[in-house]
Amino acid sequence: MNINIRPATEKDFPDVLSLIKELAEFEKAPEKVTNTVDQMKQEQHLFRCYMAETETGEIAGMALFFFAYFTWVGKSLYLDDIYVRPKFRKQKIGTALLKKVFEVACEENCKRVRWQVLKWNQPAIQMYRKYGADIDNEWLNCTFEHEEIKSLRDRININI
């Protein structure tokens with residue numbers, strides 16, 4: 001099967017959102033997705049996305065990322081999601097998407113590429129380890145969602 005890895009365009013946003021929702025379902029957290037196509041259109045300057053598309057135009061997967069600045073190393077690329085639909089897995093599409101992300105990181109002179117993987121997602125962990133990823137067991141994620149952000153802002157009362 002021939003797969004084309006190409007940049008996503010605004011017309012792909014409904015497919016991107018569909019893939020995001022499929023990934024959330026796979027990760028057992030479908031209720032966490034609050035993003036919309038309209039929001040993606042408004043915020044498209046904040047992210048990049050590549051689509052994996054079959055020769056017949058069927059979307060097989062995607063890689064969505066953004067640039068970040070990590071204090072220890074500088075400009076970096078954060079791979080937020082890489083997802084391949086189940087019927088297309090085991091065909092090296094995830095590897096092709098990962099390669100594209102690393103090509104972009106090289107072109108952009110990124111000093112680090114970082115992403116997360118769930119502890120139970122062994123197929124993904126095996127693929128990442130196969131390519132030499134350092135999977136850290138020391139750092140923990142700290143997350144505040146939209147309403148929690150506002151709540152904490154309002155609760156912290158400090159005068160300096």
# chains A, B, ... in the order shown; residues from 1 in each chain; ligands from 1
>>> residues_around(residues="region 84-86 of chain A", least_positions_apart="5", cutoff="9 Å", atoms="only C-alpha atoms", output="ChimeraX atom specification")
/A:19,22-23,52,59-63,93-94
>>> write_last_selection(atoms="C-alpha atoms", output="PDB file, in the first residue's frame")
ATOM      1  CA  LEU A  19      -8.703  11.156  14.530  1.00  0.00           C
ATOM      2  CA  GLU A  22     -10.598   8.094  17.905  1.00  0.00           C
ATOM      3  CA  LEU A  23      -7.332   8.440  19.810  1.00  0.00           C
ATOM      4  CA  ALA A  52      -1.101   9.841   6.262  1.00  0.00           C
ATOM      5  CA  ILE A  59      -6.992   9.066   5.883  1.00  0.00           C
ATOM      6  CA  ALA A  60      -4.922   6.447   7.698  1.00  0.00           C
ATOM      7  CA  GLY A  61      -3.438   8.570  10.469  1.00  0.00           C
ATOM      8  CA  MET A  62      -1.828  11.808  11.536  1.00  0.00           C
ATOM      9  CA  ALA A  63       0.925  13.441  13.537  1.00  0.00           C
ATOM     10  CA  ILE A  93       2.558   4.248   8.785  1.00  0.00           C
ATOM     11  CA  GLY A  94       3.362   5.321  12.348  1.00  0.00           C
TER      12      GLY A  94
END
>>> select_by_dssp(residues="chain A", states="strand (DSSP E)", output="PyMOL selection string")
chain A and resi 3-7+48-54+59-70+74-84+112-115
>>> select_by_dssp(residues="region 24-100 of chain A", states="helix (DSSP H, G or I)", output="ChimeraX atom specification")
/A:24-26,30-32,37-46,86-88,93-100
>>> residues_around(residues="region 137-152 of chain A", least_positions_apart="6", cutoff="10 Å", atoms="only C-alpha atoms", output="ChimeraX atom specification")
/A:32,116,119
>>> write_last_selection(atoms="C-alpha atoms", output="compact mmCIF listing (two decimals), in the first residue's frame")
# COMPACT_ATOMS: atom_id res chain seq x y z
CA LYS A 32 -11.71 14.88 27.56
CA GLN A 116 4.17 11.24 25.89
CA LYS A 119 2.33 3.21 30.26
>>> atom_distance(atom1="CA of Asp81 (chain A)", atom2="CA of Arg153 (chain A)")
28.3 Å
>>> closest_residue(among="A:Asp15, A:Glu107, A:Glu31, A:Asp136", to="Glu58 (chain A)", atoms="only C-alpha atoms")
A:Asp15
>>> residues_around(residues="Val117 (chain A)", least_positions_apart="5", cutoff="9 Å", atoms="only C-alpha atoms", output="PDB file with C-alpha atoms, in the first residue's frame")
ATOM      1  CA  ALA A 124       3.832   2.252  20.840  1.00  0.00           C
ATOM      2  CA  ILE A 125       6.471   1.944  23.567  1.00  0.00           C
ATOM      3  CA  ILE A 135      11.316   6.815  27.916  1.00  0.00           C
TER       4      ILE A 135
END
>>> closest_residue(among="A:Met51, A:Leu97, A:Ile158, A:Leu46", to="Lys11 (chain A)", atoms="only C-alpha atoms")
A:Met51
>>> closest_residue(among="A:Pro14, A:Pro123, A:Gly132, A:Gly74", to="Asn109 (chain A)", atoms="only C-alpha atoms")
A:Gly74
>>> decode(residues="region 13-152 of chain A", atoms="C-alpha atoms", output="mmCIF file, in the first residue's frame")
data_model
loop_
_atom_site.group_PDB
_atom_site.id
_atom_site.type_symbol
_atom_site.label_atom_id
_atom_site.label_comp_id
_atom_site.auth_asym_id
_atom_site.auth_seq_id
_atom_site.Cartn_x
_atom_site.Cartn_y
_atom_site.Cartn_z
ATOM 1 C CA PHE A 13 -9.580 19.718 10.222
ATOM 2 C CA PRO A 14 -12.780 17.624 10.390
ATOM 3 C CA ASP A 15 -10.654 14.505 9.734
ATOM 4 C CA VAL A 16 -8.042 15.672 12.241
ATOM 5 C CA LEU A 17 -10.726 16.123 14.890
ATOM 6 C CA SER A 18 -12.160 12.705 14.050
ATOM 7 C CA LEU A 19 -8.703 11.156 14.530
ATOM 8 C CA ILE A 20 -8.274 13.033 17.809
ATOM 9 C CA LYS A 21 -11.577 11.608 19.020
ATOM 10 C CA GLU A 22 -10.598 8.094 17.905
ATOM 11 C CA LEU A 23 -7.332 8.440 19.810
ATOM 12 C CA ALA A 24 -9.182 9.671 22.903
ATOM 13 C CA GLU A 25 -11.468 6.650 22.647
ATOM 14 C CA PHE A 26 -8.404 4.374 22.349
ATOM 15 C CA GLU A 27 -6.892 6.095 25.402
ATOM 16 C CA LYS A 28 -10.146 5.576 27.341
ATOM 17 C CA ALA A 29 -10.839 9.297 27.734
ATOM 18 C CA PRO A 30 -13.307 10.372 25.029
ATOM 19 C CA GLU A 31 -14.962 12.888 27.361
ATOM 20 C CA LYS A 32 -11.710 14.879 27.556
ATOM 21 C CA VAL A 33 -11.907 16.136 23.950
ATOM 22 C CA THR A 34 -13.330 19.650 23.900
ATOM 23 C CA ASN A 35 -11.580 20.885 20.753
ATOM 24 C CA THR A 36 -13.690 21.814 17.717
ATOM 25 C CA VAL A 37 -13.052 22.416 14.028
ATOM 26 C CA ASP A 38 -13.781 26.113 14.552
ATOM 27 C CA GLN A 39 -11.280 26.276 17.399
ATOM 28 C CA MET A 40 -8.673 24.547 15.233
ATOM 29 C CA LYS A 41 -9.283 27.110 12.492
ATOM 30 C CA GLN A 42 -8.774 29.962 14.960
ATOM 31 C CA GLU A 43 -5.660 28.407 16.492
ATOM 32 C CA GLN A 44 -4.042 26.841 13.419
ATOM 33 C CA HIS A 45 -1.023 29.128 13.730
ATOM 34 C CA LEU A 46 -0.157 27.265 16.950
ATOM 35 C CA PHE A 47 0.286 23.768 15.537
ATOM 36 C CA ARG A 48 1.312 21.730 12.524
ATOM 37 C CA CYS A 49 -0.143 18.463 11.394
ATOM 38 C CA TYR A 50 0.758 15.818 8.829
ATOM 39 C CA MET A 51 -1.768 13.411 7.395
ATOM 40 C CA ALA A 52 -1.101 9.841 6.262
ATOM 41 C CA GLU A 53 -3.318 9.280 3.242
ATOM 42 C CA THR A 54 -3.805 6.200 1.050
ATOM 43 C CA GLU A 55 -3.611 6.350 -2.722
ATOM 44 C CA THR A 56 -7.432 6.313 -2.757
ATOM 45 C CA GLY A 57 -7.607 9.356 -0.458
ATOM 46 C CA GLU A 58 -8.519 7.539 2.751
ATOM 47 C CA ILE A 59 -6.992 9.066 5.883
ATOM 48 C CA ALA A 60 -4.922 6.447 7.698
ATOM 49 C CA GLY A 61 -3.438 8.570 10.469
ATOM 50 C CA MET A 62 -1.828 11.808 11.536
ATOM 51 C CA ALA A 63 0.925 13.441 13.537
ATOM 52 C CA LEU A 64 0.125 16.740 15.263
ATOM 53 C CA PHE A 65 2.869 18.803 16.883
ATOM 54 C CA PHE A 66 3.976 22.268 17.905
ATOM 55 C CA PHE A 67 7.197 24.047 18.670
ATOM 56 C CA ALA A 68 8.187 24.679 22.257
ATOM 57 C CA TYR A 69 11.070 26.210 24.111
ATOM 58 C CA PHE A 70 12.677 24.080 26.792
ATOM 59 C CA THR A 71 14.952 26.066 29.079
ATOM 60 C CA TRP A 72 17.738 23.502 29.217
ATOM 61 C CA VAL A 73 18.106 23.051 25.461
ATOM 62 C CA GLY A 74 16.151 25.735 23.583
ATOM 63 C CA LYS A 75 13.888 25.291 20.560
ATOM 64 C CA SER A 76 12.159 21.933 20.592
ATOM 65 C CA LEU A 77 9.319 20.085 18.921
ATOM 66 C CA TYR A 78 6.530 18.601 21.004
ATOM 67 C CA LEU A 79 4.688 15.748 19.304
ATOM 68 C CA ASP A 80 1.242 15.972 20.866
ATOM 69 C CA ASP A 81 -0.423 13.143 18.967
ATOM 70 C CA ILE A 82 0.591 10.465 16.557
ATOM 71 C CA TYR A 83 -2.253 8.169 15.634
ATOM 72 C CA VAL A 84 -2.844 5.457 13.054
ATOM 73 C CA ARG A 85 -6.292 4.003 12.564
ATOM 74 C CA PRO A 86 -6.510 0.333 13.640
ATOM 75 C CA LYS A 87 -7.024 -1.112 10.158
ATOM 76 C CA PHE A 88 -3.811 0.584 8.973
ATOM 77 C CA ARG A 89 -1.562 -0.480 11.844
ATOM 78 C CA LYS A 90 1.434 -2.773 11.348
ATOM 79 C CA GLN A 91 2.096 -1.203 7.924
ATOM 80 C CA LYS A 92 4.836 1.215 9.063
ATOM 81 C CA ILE A 93 2.558 4.248 8.785
ATOM 82 C CA GLY A 94 3.362 5.321 12.348
ATOM 83 C CA THR A 95 7.043 5.028 11.494
ATOM 84 C CA ALA A 96 6.553 7.158 8.367
ATOM 85 C CA LEU A 97 4.753 9.830 10.402
ATOM 86 C CA LEU A 98 7.468 9.745 13.053
ATOM 87 C CA LYS A 99 10.138 10.113 10.360
ATOM 88 C CA LYS A 100 8.331 13.159 8.944
ATOM 89 C CA VAL A 101 8.201 14.759 12.390
ATOM 90 C CA PHE A 102 11.938 14.181 12.814
ATOM 91 C CA GLU A 103 12.599 15.643 9.357
ATOM 92 C CA VAL A 104 10.728 18.795 10.397
ATOM 93 C CA ALA A 105 12.656 18.895 13.693
ATOM 94 C CA CYS A 106 15.931 18.740 11.757
ATOM 95 C CA GLU A 107 14.821 21.395 9.249
ATOM 96 C CA GLU A 108 13.781 23.660 12.136
ATOM 97 C CA ASN A 109 17.023 23.013 14.052
ATOM 98 C CA CYS A 110 15.191 21.681 17.090
ATOM 99 C CA LYS A 111 17.360 20.587 19.983
ATOM 100 C CA ARG A 112 14.798 18.127 21.368
ATOM 101 C CA VAL A 113 11.734 16.182 20.311
ATOM 102 C CA ARG A 114 9.434 15.167 23.130
ATOM 103 C CA TRP A 115 6.113 13.375 23.458
ATOM 104 C CA GLN A 116 4.166 11.239 25.892
ATOM 105 C CA VAL A 117 3.027 7.649 25.744
ATOM 106 C CA LEU A 118 0.667 5.885 28.113
ATOM 107 C CA LYS A 119 2.329 3.214 30.256
ATOM 108 C CA TRP A 120 -0.069 0.538 28.996
ATOM 109 C CA ASN A 121 0.444 1.286 25.278
ATOM 110 C CA GLN A 122 3.089 -1.374 24.795
ATOM 111 C CA PRO A 123 3.014 -1.467 20.958
ATOM 112 C CA ALA A 124 3.832 2.252 20.840
ATOM 113 C CA ILE A 125 6.471 1.944 23.567
ATOM 114 C CA GLN A 126 8.134 -0.906 21.676
ATOM 115 C CA MET A 127 8.210 1.140 18.471
ATOM 116 C CA TYR A 128 9.677 4.176 20.240
ATOM 117 C CA ARG A 129 12.299 2.080 22.039
ATOM 118 C CA LYS A 130 13.179 0.341 18.766
ATOM 119 C CA TYR A 131 14.204 3.745 17.413
ATOM 120 C CA GLY A 132 16.114 4.685 20.562
ATOM 121 C CA ALA A 133 13.675 6.913 22.445
ATOM 122 C CA ASP A 134 14.541 7.605 26.062
ATOM 123 C CA ILE A 135 11.316 6.815 27.916
ATOM 124 C CA ASP A 136 11.503 8.593 31.251
ATOM 125 C CA ASN A 137 9.895 7.060 34.334
ATOM 126 C CA GLU A 138 10.900 9.931 36.615
ATOM 127 C CA TRP A 139 8.911 12.979 35.474
ATOM 128 C CA LEU A 140 5.187 13.275 36.180
ATOM 129 C CA ASN A 141 2.670 15.353 34.229
ATOM 130 C CA CYS A 142 1.106 18.358 35.956
ATOM 131 C CA THR A 143 -2.078 19.483 34.233
ATOM 132 C CA PHE A 144 -4.744 22.101 34.777
ATOM 133 C CA GLU A 145 -7.768 22.170 32.455
ATOM 134 C CA HIS A 146 -9.486 25.395 31.344
ATOM 135 C CA GLU A 147 -11.855 25.866 34.307
ATOM 136 C CA GLU A 148 -9.151 24.826 36.775
ATOM 137 C CA ILE A 149 -6.805 27.444 35.295
ATOM 138 C CA LYS A 150 -9.300 30.212 35.986
ATOM 139 C CA SER A 151 -10.118 28.829 39.419
ATOM 140 C CA LEU A 152 -6.481 28.691 40.493
#
